[in-house]
Amino acid sequence: MDKNAPIGVFDSGVGGLTVAREIMRQLPEERIVYFGDTARLPYGSKSRRTVIRFSEQIIRFLRTKDVKAIVIACNTASSFALEEVRKEVDIPIIGVINAGARAAVGATKNGKIGIIGTEGTIASGTYADTIRNMKPGVEVFGKACPLFVPLVEEGLLHDTVTDEIASRYLSVLKEKYIDTLVLGCTHYPLLRSTLARTMGADVALVNPAYETAVQLKTLLRSMEMNCDAGQNLSQGEKYQFFVSDMAEKFRAFATSILPEEVKETIQINIEEY
Ligand code: DGL
């Protein structure tokens, strides 16, 4: 396997860019091929079987780009599909759950952890199971927050509507006296300031996007698969973006959250894979 090959990153849409952004920050030499399944989102309200099928197709597409490793940036796809797809691929593949769970276990002092995510992520119980396997006895409380994704996509990151919805969703977790909250959905790191204010200063917020980039870095180093430094690639050579629909809308959103302007996003027919 070519150590200078790109890393494949995928999500149901734009949200996984929060993971791509962390990889760009923490592994600035690495190339990325990103796929956002904008034709078929949201994944958060779909069944396990459907999310597994979509993930398998995307992995087949990413393999055509000769990626050296795959990151499932989507929490829902990580929850439902990681174990299933891992059986079928012979390159390293990681999701966001393990890194987020490990950071939460490290952060909690009172052993009460809250998880927020899509309906699928919370119903799957994957975060809770992973955390309890890492540290038996920890109490885990999940809460689905389905309105957060559209609020972020509407750009209402700092808005009284978002404050109101956050306080309604999070009140059940505050009542449990959690001291750690996992932002278990790609979009939630973009609501960090609202969530921090709502939960109060005593609650640690865990961002699985950040933790996943840390895990990826460790993994590539341990396998001696990290890219050579100083390749001087242009932005277009280094980062490639593919979607299944609405390429221009994706490009504009990506430009708003990534450090550099995204010049091109290519639409493909994912059903062909
Ligand atoms: N990317 C999804 C996740 O992290 C959120 C958006 C969706 O439901 O597709 O779970």
# chains A, B, ... in the order shown; residues from 1 in each chain; ligands from 1

$ residues_around --residues "segment 212-229 of chain A" --least-positions-apart "5" --cutoff "12 Å" --atoms "only C-alpha atoms" --output "number ranges by chain"
A: 1-9, 16, 18-32, 67-75, 78, 91-103, 184, 186, 206-207, 238

$ write_last_selection --atoms "N, CA and C atoms" --output "short mmCIF file (atom, residue, chain, number, x, y, z; two decimals), in the first residue's frame"
data_model
loop_
_atom_site.label_atom_id
_atom_site.label_comp_id
_atom_site.auth_asym_id
_atom_site.auth_seq_id
_atom_site.Cartn_x
_atom_site.Cartn_y
_atom_site.Cartn_z
N MET A 1 0.85 -1.21 0.00
CA MET A 1 0.00 0.00 0.00
C MET A 1 0.88 1.26 0.00
N ASP A 2 0.52 2.21 -0.84
CA ASP A 2 1.28 3.46 -0.97
C ASP A 2 1.00 4.36 0.23
N LYS A 3 2.03 4.69 0.99
CA LYS A 3 1.81 5.55 2.17
C LYS A 3 1.39 6.97 1.79
N ASN A 4 1.62 7.36 0.54
CA ASN A 4 1.20 8.69 0.11
C ASN A 4 -0.20 8.69 -0.52
N ALA A 5 -0.86 7.56 -0.45
CA ALA A 5 -2.25 7.48 -0.96
C ALA A 5 -3.16 8.28 -0.03
N PRO A 6 -4.32 8.71 -0.53
CA PRO A 6 -5.23 9.50 0.32
C PRO A 6 -5.98 8.66 1.36
N ILE A 7 -6.56 9.39 2.31
CA ILE A 7 -7.44 8.77 3.30
C ILE A 7 -8.87 9.01 2.81
N GLY A 8 -9.68 7.98 2.81
CA GLY A 8 -11.09 8.14 2.44
C GLY A 8 -11.90 8.50 3.68
N VAL A 9 -12.71 9.55 3.56
CA VAL A 9 -13.56 9.98 4.68
C VAL A 9 -14.98 10.07 4.14
N GLY A 16 -19.72 15.51 8.16
CA GLY A 16 -18.43 14.85 8.31
C GLY A 16 -17.25 15.76 8.01
N THR A 18 -16.61 18.21 9.69
CA THR A 18 -16.02 18.53 11.00
C THR A 18 -14.90 17.53 11.32
N VAL A 19 -15.05 16.30 10.82
CA VAL A 19 -14.00 15.30 11.01
C VAL A 19 -12.85 15.57 10.02
N ALA A 20 -13.21 15.83 8.76
CA ALA A 20 -12.18 16.14 7.75
C ALA A 20 -11.35 17.34 8.20
N ARG A 21 -12.03 18.35 8.77
CA ARG A 21 -11.34 19.56 9.24
C ARG A 21 -10.30 19.22 10.32
N GLU A 22 -10.68 18.33 11.24
CA GLU A 22 -9.73 17.93 12.28
C GLU A 22 -8.56 17.15 11.69
N ILE A 23 -8.83 16.31 10.69
CA ILE A 23 -7.74 15.56 10.05
C ILE A 23 -6.80 16.55 9.34
N MET A 24 -7.38 17.55 8.68
CA MET A 24 -6.55 18.56 8.00
C MET A 24 -5.67 19.31 9.01
N ARG A 25 -6.25 19.60 10.19
CA ARG A 25 -5.48 20.33 11.21
C ARG A 25 -4.38 19.48 11.83
N GLN A 26 -4.75 18.24 12.17
CA GLN A 26 -3.81 17.41 12.92
C GLN A 26 -2.86 16.60 12.05
N LEU A 27 -3.26 16.36 10.81
CA LEU A 27 -2.39 15.60 9.88
C LEU A 27 -2.28 16.39 8.58
N PRO A 28 -1.62 17.55 8.64
CA PRO A 28 -1.63 18.46 7.49
C PRO A 28 -0.98 17.91 6.23
N GLU A 29 -0.17 16.86 6.35
CA GLU A 29 0.46 16.29 5.14
C GLU A 29 -0.46 15.34 4.40
N GLU A 30 -1.50 14.85 5.07
CA GLU A 30 -2.32 13.78 4.48
C GLU A 30 -3.26 14.30 3.39
N ARG A 31 -3.44 13.46 2.39
CA ARG A 31 -4.44 13.75 1.35
C ARG A 31 -5.78 13.13 1.77
N ILE A 32 -6.87 13.74 1.34
CA ILE A 32 -8.21 13.25 1.72
C ILE A 32 -9.09 13.15 0.48
N VAL A 67 -7.65 4.53 -1.74
CA VAL A 67 -7.39 5.09 -0.40
C VAL A 67 -6.62 4.07 0.44
N LYS A 68 -5.80 4.58 1.35
CA LYS A 68 -4.99 3.67 2.18
C LYS A 68 -5.69 3.33 3.50
N ALA A 69 -6.68 4.14 3.85
CA ALA A 69 -7.45 3.91 5.08
C ALA A 69 -8.78 4.64 4.93
N ILE A 70 -9.76 4.22 5.72
CA ILE A 70 -11.09 4.85 5.63
C ILE A 70 -11.54 5.30 7.02
N VAL A 71 -12.09 6.51 7.06
CA VAL A 71 -12.67 7.02 8.30
C VAL A 71 -14.16 7.20 8.07
N ILE A 72 -14.96 6.50 8.86
CA ILE A 72 -16.42 6.72 8.80
C ILE A 72 -16.69 7.90 9.72
N ALA A 73 -16.89 9.07 9.11
CA ALA A 73 -17.05 10.29 9.91
C ALA A 73 -18.44 10.39 10.52
N CYS A 74 -19.39 9.67 9.93
CA CYS A 74 -20.78 9.76 10.37
C CYS A 74 -20.99 8.89 11.62
N ASN A 75 -21.55 9.49 12.67
CA ASN A 75 -21.78 8.73 13.90
C ASN A 75 -22.80 7.62 13.69
N SER A 78 -21.15 4.90 11.72
CA SER A 78 -20.18 4.23 12.61
C SER A 78 -20.91 3.28 13.56
N ILE A 91 -8.11 -2.85 4.38
CA ILE A 91 -7.33 -1.67 4.76
C ILE A 91 -7.89 -1.18 6.11
N PRO A 92 -7.12 -0.40 6.86
CA PRO A 92 -7.64 0.07 8.16
C PRO A 92 -8.91 0.91 7.97
N ILE A 93 -9.88 0.65 8.82
CA ILE A 93 -11.12 1.44 8.78
C ILE A 93 -11.53 1.76 10.21
N ILE A 94 -11.75 3.03 10.48
CA ILE A 94 -12.17 3.41 11.82
C ILE A 94 -13.44 4.27 11.75
N GLY A 95 -14.21 4.23 12.82
CA GLY A 95 -15.37 5.11 12.94
C GLY A 95 -15.06 6.16 14.00
N VAL A 96 -16.10 6.88 14.41
CA VAL A 96 -15.88 7.95 15.39
C VAL A 96 -16.25 7.54 16.81
N ILE A 97 -16.90 6.37 16.96
CA ILE A 97 -17.45 6.01 18.27
C ILE A 97 -16.35 5.68 19.29
N ASN A 98 -15.39 4.86 18.84
CA ASN A 98 -14.38 4.39 19.78
C ASN A 98 -13.58 5.54 20.38
N ALA A 99 -13.14 6.44 19.54
CA ALA A 99 -12.32 7.56 20.02
C ALA A 99 -13.15 8.46 20.95
N GLY A 100 -14.41 8.69 20.59
CA GLY A 100 -15.28 9.53 21.43
C GLY A 100 -15.54 8.87 22.77
N ALA A 101 -15.78 7.55 22.73
CA ALA A 101 -16.05 6.82 23.97
C ALA A 101 -14.83 6.84 24.89
N ARG A 102 -13.65 6.64 24.31
CA ARG A 102 -12.43 6.61 25.12
C ARG A 102 -12.19 7.97 25.79
N ALA A 103 -12.41 9.03 25.05
CA ALA A 103 -12.20 10.37 25.62
C ALA A 103 -13.21 10.63 26.75
N GLY A 184 -22.22 13.33 19.94
CA GLY A 184 -22.21 12.14 19.11
C GLY A 184 -22.88 12.27 17.76
N THR A 186 -22.04 14.38 13.79
CA THR A 186 -21.09 15.23 13.06
C THR A 186 -21.35 16.72 13.20
N VAL A 206 -17.16 16.33 24.93
CA VAL A 206 -16.23 15.50 24.15
C VAL A 206 -16.59 15.59 22.67
N ASN A 207 -15.60 15.92 21.86
CA ASN A 207 -15.81 16.05 20.42
C ASN A 207 -15.17 14.84 19.71
N LYS A 238 -4.72 17.74 -3.16
CA LYS A 238 -4.65 17.21 -1.80
C LYS A 238 -6.03 16.79 -1.28
#

$ residues_around --residues "Val152 of chain A" --least-positions-apart "4" --cutoff "8 Å" --atoms "only C-alpha atoms" --output "compact mmCIF listing (two decimals) with N, CA and C atoms, in the first residue's frame"
# COMPACT_ATOMS: atom_id res chain seq x y z
N PHE A 148 -31.21 19.26 15.89
CA PHE A 148 -29.92 19.97 15.81
C PHE A 148 -29.35 19.98 14.39
N LEU A 156 -28.21 28.30 11.88
CA LEU A 156 -28.67 28.91 13.14
C LEU A 156 -27.78 28.47 14.31
N LEU A 157 -26.48 28.70 14.14
CA LEU A 157 -25.53 28.23 15.15
C LEU A 157 -25.64 29.05 16.44
N HIS A 187 -22.62 17.10 13.28
CA HIS A 187 -22.96 18.52 13.27
C HIS A 187 -22.77 19.21 14.62
N LEU A 190 -20.33 22.05 15.84
CA LEU A 190 -20.61 23.41 15.37
C LEU A 190 -21.56 24.15 16.33
N LEU A 191 -22.17 23.40 17.26
CA LEU A 191 -23.07 24.02 18.27
C LEU A 191 -22.38 24.08 19.63

$ closest_residue --among "A:Ile122, A:Leu41, A:Ala128, A:Ile178" --to "Ala107 of chain A" --atoms "only C-alpha atoms"
A:Ile178

$ residues_near_ligand --ligand "ligand 1" --cutoff "9 Å" --atoms "only C-alpha atoms and all ligand atoms" --output "PyMOL selection string"
chain A and resi 11-16+37-38+40-46+73-79+96+117-121+146+149-150+184-188

$ select_by_dssp --residues "segment 27-265 of chain A" --states "helix (DSSP H, G or I)" --output "number ranges by chain"
A: 48-63, 75-86, 97-107, 119-124, 126-134, 148-153, 160-174, 188-199, 208-222, 235-238, 247-257

$ atom_distance --atom1 "atom CA of Ile270 of chain A" --atom2 "atom CA of Ile58 of chain A"
6.9 Å

$ select_by_dssp --residues "segment 42-263 of chain A" --states "strand (DSSP E or B)" --output "ChimeraX atom specification"
/A:69-72,93-94,112-117,139-144,180-184,204-206,239-243

$ write_last_selection --atoms "N, CA and C atoms" --output "mmCIF file, in the first residue's frame"
data_model
loop_
_atom_site.group_PDB
_atom_site.id
_atom_site.type_symbol
_atom_site.label_atom_id
_atom_site.label_comp_id
_atom_site.auth_asym_id
_atom_site.auth_seq_id
_atom_site.Cartn_x
_atom_site.Cartn_y
_atom_site.Cartn_z
ATOM 1 N N ALA A 69 -6.678 4.141 3.847
ATOM 2 C CA ALA A 69 -7.448 3.914 5.082
ATOM 3 C C ALA A 69 -8.782 4.641 4.928
ATOM 4 N N ILE A 70 -9.765 4.220 5.719
ATOM 5 C CA ILE A 70 -11.092 4.854 5.635
ATOM 6 C C ILE A 70 -11.536 5.302 7.020
ATOM 7 N N VAL A 71 -12.086 6.511 7.062
ATOM 8 C CA VAL A 71 -12.668 7.023 8.303
ATOM 9 C C VAL A 71 -14.162 7.199 8.075
ATOM 10 N N ILE A 72 -14.962 6.496 8.858
ATOM 11 C CA ILE A 72 -16.417 6.719 8.801
ATOM 12 C C ILE A 72 -16.689 7.896 9.719
ATOM 13 N N ILE A 93 -9.880 0.647 8.825
ATOM 14 C CA ILE A 93 -11.117 1.439 8.778
ATOM 15 C C ILE A 93 -11.533 1.758 10.213
ATOM 16 N N ILE A 94 -11.754 3.026 10.477
ATOM 17 C CA ILE A 94 -12.175 3.414 11.822
ATOM 18 C C ILE A 94 -13.442 4.268 11.750
ATOM 19 N N LYS A 112 -20.840 9.493 35.257
ATOM 20 C CA LYS A 112 -22.138 9.691 34.581
ATOM 21 C C LYS A 112 -21.891 10.445 33.270
ATOM 22 N N ILE A 113 -22.143 9.739 32.173
ATOM 23 C CA ILE A 113 -21.831 10.290 30.846
ATOM 24 C C ILE A 113 -23.119 10.423 30.030
ATOM 25 N N GLY A 114 -23.290 11.553 29.378
ATOM 26 C CA GLY A 114 -24.426 11.743 28.466
ATOM 27 C C GLY A 114 -23.947 11.613 27.024
ATOM 28 N N ILE A 115 -24.827 11.059 26.183
ATOM 29 C CA ILE A 115 -24.519 10.952 24.743
ATOM 30 C C ILE A 115 -25.654 11.642 24.014
ATOM 31 N N ILE A 116 -25.338 12.557 23.116
ATOM 32 C CA ILE A 116 -26.380 13.097 22.239
ATOM 33 C C ILE A 116 -26.032 12.729 20.805
ATOM 34 N N GLY A 117 -27.080 12.451 20.010
ATOM 35 C CA GLY A 117 -26.841 12.033 18.627
ATOM 36 C C GLY A 117 -28.164 11.921 17.893
ATOM 37 N N GLU A 139 -22.307 5.009 34.245
ATOM 38 C CA GLU A 139 -23.709 5.163 33.818
ATOM 39 C C GLU A 139 -23.747 6.014 32.551
ATOM 40 N N VAL A 140 -24.496 5.546 31.548
ATOM 41 C CA VAL A 140 -24.557 6.265 30.275
ATOM 42 C C VAL A 140 -26.012 6.617 29.971
ATOM 43 N N PHE A 141 -26.236 7.881 29.636
ATOM 44 C CA PHE A 141 -27.594 8.351 29.350
ATOM 45 C C PHE A 141 -27.616 8.931 27.940
ATOM 46 N N GLY A 142 -28.457 8.354 27.074
ATOM 47 C CA GLY A 142 -28.523 8.825 25.687
ATOM 48 C C GLY A 142 -29.728 9.723 25.462
ATOM 49 N N LYS A 143 -29.569 10.686 24.563
ATOM 50 C CA LYS A 143 -30.702 11.538 24.191
ATOM 51 C C LYS A 143 -30.589 11.888 22.699
ATOM 52 N N ALA A 144 -31.582 11.475 21.929
ATOM 53 C CA ALA A 144 -31.612 11.850 20.506
ATOM 54 C C ALA A 144 -32.007 13.316 20.377
ATOM 55 N N THR A 180 -20.038 14.672 31.863
ATOM 56 C CA THR A 180 -19.376 14.568 30.555
ATOM 57 C C THR A 180 -20.459 14.369 29.498
ATOM 58 N N LEU A 181 -20.343 15.106 28.397
ATOM 59 C CA LEU A 181 -21.333 14.982 27.326
ATOM 60 C C LEU A 181 -20.605 14.736 26.007
ATOM 61 N N VAL A 182 -20.960 13.619 25.340
ATOM 62 C CA VAL A 182 -20.351 13.299 24.045
ATOM 63 C C VAL A 182 -21.197 13.912 22.933
ATOM 64 N N LEU A 183 -20.563 14.704 22.083
ATOM 65 C CA LEU A 183 -21.262 15.330 20.950
ATOM 66 C C LEU A 183 -21.282 14.294 19.822
ATOM 67 N N GLY A 184 -22.219 13.334 19.942
ATOM 68 C CA GLY A 184 -22.206 12.136 19.106
ATOM 69 C C GLY A 184 -22.883 12.274 17.759
ATOM 70 N N ALA A 204 -17.911 18.448 30.973
ATOM 71 C CA ALA A 204 -16.896 18.393 29.906
ATOM 72 C C ALA A 204 -17.570 17.959 28.602
ATOM 73 N N LEU A 205 -17.272 18.651 27.520
ATOM 74 C CA LEU A 205 -17.824 18.269 26.214
ATOM 75 C C LEU A 205 -16.765 17.495 25.434
ATOM 76 N N VAL A 206 -17.157 16.330 24.925
ATOM 77 C CA VAL A 206 -16.225 15.501 24.153
ATOM 78 C C VAL A 206 -16.592 15.593 22.671
ATOM 79 N N TYR A 239 -7.008 17.631 -1.505
ATOM 80 C CA TYR A 239 -8.349 17.361 -0.975
ATOM 81 C C TYR A 239 -9.351 17.265 -2.124
ATOM 82 N N GLN A 240 -9.997 16.122 -2.235
ATOM 83 C CA GLN A 240 -11.005 15.956 -3.286
ATOM 84 C C GLN A 240 -12.360 15.690 -2.636
ATOM 85 N N PHE A 241 -13.387 16.311 -3.193
ATOM 86 C CA PHE A 241 -14.727 16.200 -2.595
ATOM 87 C C PHE A 241 -15.705 15.623 -3.623
ATOM 88 N N PHE A 242 -16.433 14.603 -3.191
ATOM 89 C CA PHE A 242 -17.449 13.976 -4.038
ATOM 90 C C PHE A 242 -18.762 13.926 -3.263
ATOM 91 N N VAL A 243 -19.852 14.080 -3.977
ATOM 92 C CA VAL A 243 -21.181 13.998 -3.347
ATOM 93 C C VAL A 243 -22.113 13.226 -4.272
#

$ atom_distance --atom1 "atom CA of Val172 of chain A" --atom2 "atom CA of Ser193 of chain A"
19.1 Å

$ atom_distance --atom1 "atom CA of Ile257 of chain A" --atom2 "atom CA of Leu147 of chain A"
20.1 Å

$ residues_around --residues "Ala81 of chain A" --least-positions-apart "3" --cutoff "7 Å" --atoms "only C-alpha atoms" --output "mmCIF file with C-alpha atoms, in the first residue's frame"
data_model
loop_
_atom_site.group_PDB
_atom_site.id
_atom_site.type_symbol
_atom_site.label_atom_id
_atom_site.label_comp_id
_atom_site.auth_asym_id
_atom_site.auth_seq_id
_atom_site.Cartn_x
_atom_site.Cartn_y
_atom_site.Cartn_z
ATOM 1 C CA VAL A 51 -27.174 2.467 6.489
ATOM 2 C CA ILE A 52 -25.012 -0.656 6.107
ATOM 3 C CA SER A 55 -21.828 2.434 3.681
ATOM 4 C CA ALA A 77 -22.921 4.914 10.047
ATOM 5 C CA SER A 78 -20.181 4.227 12.606
ATOM 6 C CA GLU A 84 -20.185 -5.155 9.508
ATOM 7 C CA VAL A 85 -18.032 -3.443 6.855
#

$ residues_around --residues "segment 159-170 of chain A" --least-positions-apart "5" --cutoff "7 Å" --atoms "only C-alpha atoms" --output "list in words"
Cys145, Leu151, Thr194, Leu195 and Thr198 of chain A

$ residues_around --residues "Thr255 of chain A" --least-positions-apart "5" --cutoff "12 Å" --atoms "only C-alpha atoms" --output "PyMOL selection string"
chain A and resi 14+17-18+21+241+248-250+260-265

$ decode --residues "segment 121-152 of chain A" --atoms "N, CA and C atoms" --output "JSON list (two decimals), in the first residue's frame"
[["chain", "number", "residue", "atom", "x", "y", "z"],
["A", 121, "THR", "N", -28.24, 6.65, 16.08],
["A", 121, "THR", "CA", -27.05, 6.49, 16.94],
["A", 121, "THR", "C", -27.47, 6.15, 18.37],
["A", 122, "ILE", "N", -28.46, 6.84, 18.89],
["A", 122, "ILE", "CA", -28.88, 6.60, 20.28],
["A", 122, "ILE", "C", -29.56, 5.23, 20.39],
["A", 123, "ALA", "N", -30.44, 4.93, 19.42],
["A", 123, "ALA", "CA", -31.16, 3.64, 19.49],
["A", 123, "ALA", "C", -30.21, 2.46, 19.34],
["A", 124, "SER", "N", -29.13, 2.63, 18.60],
["A", 124, "SER", "CA", -28.19, 1.51, 18.39],
["A", 124, "SER", "C", -27.51, 1.10, 19.70],
["A", 125, "GLY", "N", -27.37, 2.04, 20.62],
["A", 125, "GLY", "CA", -26.70, 1.74, 21.90],
["A", 125, "GLY", "C", -25.19, 1.52, 21.76],
["A", 126, "THR", "N", -24.64, 1.84, 20.59],
["A", 126, "THR", "CA", -23.21, 1.54, 20.36],
["A", 126, "THR", "C", -22.29, 2.34, 21.28],
["A", 127, "TYR", "N", -22.57, 3.63, 21.43],
["A", 127, "TYR", "CA", -21.74, 4.44, 22.35],
["A", 127, "TYR", "C", -21.81, 3.86, 23.77],
["A", 128, "ALA", "N", -23.04, 3.60, 24.22],
["A", 128, "ALA", "CA", -23.21, 3.11, 25.60],
["A", 128, "ALA", "C", -22.47, 1.79, 25.79],
["A", 129, "ASP", "N", -22.61, 0.86, 24.83],
["A", 129, "ASP", "CA", -21.95, -0.45, 24.96],
["A", 129, "ASP", "C", -20.43, -0.29, 24.96],
["A", 130, "THR", "N", -19.94, 0.58, 24.06],
["A", 130, "THR", "CA", -18.48, 0.77, 23.96],
["A", 130, "THR", "C", -17.93, 1.35, 25.26],
["A", 131, "ILE", "N", -18.65, 2.34, 25.80],
["A", 131, "ILE", "CA", -18.21, 2.97, 27.05],
["A", 131, "ILE", "C", -18.23, 1.96, 28.20],
["A", 132, "ARG", "N", -19.30, 1.18, 28.29],
["A", 132, "ARG", "CA", -19.40, 0.22, 29.41],
["A", 132, "ARG", "C", -18.36, -0.88, 29.29],
["A", 133, "ASN", "N", -18.01, -1.24, 28.04],
["A", 133, "ASN", "CA", -16.92, -2.23, 27.86],
["A", 133, "ASN", "C", -15.59, -1.67, 28.32],
["A", 134, "MET", "N", -15.40, -0.38, 28.08],
["A", 134, "MET", "CA", -14.13, 0.24, 28.48],
["A", 134, "MET", "C", -14.06, 0.43, 29.99],
["A", 135, "LYS", "N", -15.21, 0.76, 30.58],
["A", 135, "LYS", "CA", -15.21, 1.01, 32.02],
["A", 135, "LYS", "C", -16.54, 0.57, 32.63],
["A", 136, "PRO", "N", -16.60, -0.69, 33.03],
["A", 136, "PRO", "CA", -17.86, -1.20, 33.61],
["A", 136, "PRO", "C", -18.25, -0.35, 34.82],
["A", 137, "GLY", "N", -19.54, -0.17, 34.99],
["A", 137, "GLY", "CA", -20.01, 0.59, 36.14],
["A", 137, "GLY", "C", -20.34, 2.04, 35.81],
["A", 138, "VAL", "N", -19.82, 2.52, 34.68],
["A", 138, "VAL", "CA", -20.15, 3.90, 34.28],
["A", 138, "VAL", "C", -21.63, 3.94, 33.85],
["A", 139, "GLU", "N", -22.31, 5.01, 34.24],
["A", 139, "GLU", "CA", -23.71, 5.16, 33.82],
["A", 139, "GLU", "C", -23.75, 6.01, 32.55],
["A", 140, "VAL", "N", -24.50, 5.55, 31.55],
["A", 140, "VAL", "CA", -24.56, 6.27, 30.27],
["A", 140, "VAL", "C", -26.01, 6.62, 29.97],
["A", 141, "PHE", "N", -26.24, 7.88, 29.64],
["A", 141, "PHE", "CA", -27.59, 8.35, 29.35],
["A", 141, "PHE", "C", -27.62, 8.93, 27.94],
["A", 142, "GLY", "N", -28.46, 8.35, 27.07],
["A", 142, "GLY", "CA", -28.52, 8.82, 25.69],
["A", 142, "GLY", "C", -29.73, 9.72, 25.46],
["A", 143, "LYS", "N", -29.57, 10.69, 24.56],
["A", 143, "LYS", "CA", -30.70, 11.54, 24.19],
["A", 143, "LYS", "C", -30.59, 11.89, 22.70],
["A", 144, "ALA", "N", -31.58, 11.48, 21.93],
["A", 144, "ALA", "CA", -31.61, 11.85, 20.51],
["A", 144, "ALA", "C", -32.01, 13.32, 20.38],
["A", 145, "CYS", "N", -31.32, 14.04, 19.51],
["A", 145, "CYS", "CA", -31.59, 15.47, 19.33],
["A", 145, "CYS", "C", -31.79, 15.77, 17.84],
["A", 146, "PRO", "N", -32.84, 15.23, 17.22],
["A", 146, "PRO", "CA", -32.96, 15.29, 15.77],
["A", 146, "PRO", "C", -33.05, 16.70, 15.18],
["A", 147, "LEU", "N", -33.46, 17.68, 15.95],
["A", 147, "LEU", "CA", -33.59, 19.02, 15.36],
["A", 147, "LEU", "C", -32.25, 19.75, 15.22],
["A", 148, "PHE", "N", -31.21, 19.26, 15.89],
["A", 148, "PHE", "CA", -29.92, 19.97, 15.81],
["A", 148, "PHE", "C", -29.35, 19.98, 14.39],
["A", 149, "VAL", "N", -29.51, 18.85, 13.65],
["A", 149, "VAL", "CA", -28.91, 18.80, 12.30],
["A", 149, "VAL", "C", -29.52, 19.88, 11.39],
["A", 150, "PRO", "N", -30.86, 19.94, 11.26],
["A", 150, "PRO", "CA", -31.39, 21.02, 10.41],
["A", 150, "PRO", "C", -31.06, 22.42, 10.92],
["A", 151, "LEU", "N", -30.97, 22.61, 12.23],
["A", 151, "LEU", "CA", -30.61, 23.95, 12.74],
["A", 151, "LEU", "C", -29.22, 24.35, 12.26],
["A", 152, "VAL", "N", -28.30, 23.39, 12.31],
["A", 152, "VAL", "CA", -26.93, 23.69, 11.85],
["A", 152, "VAL", "C", -26.95, 23.96, 10.35]]
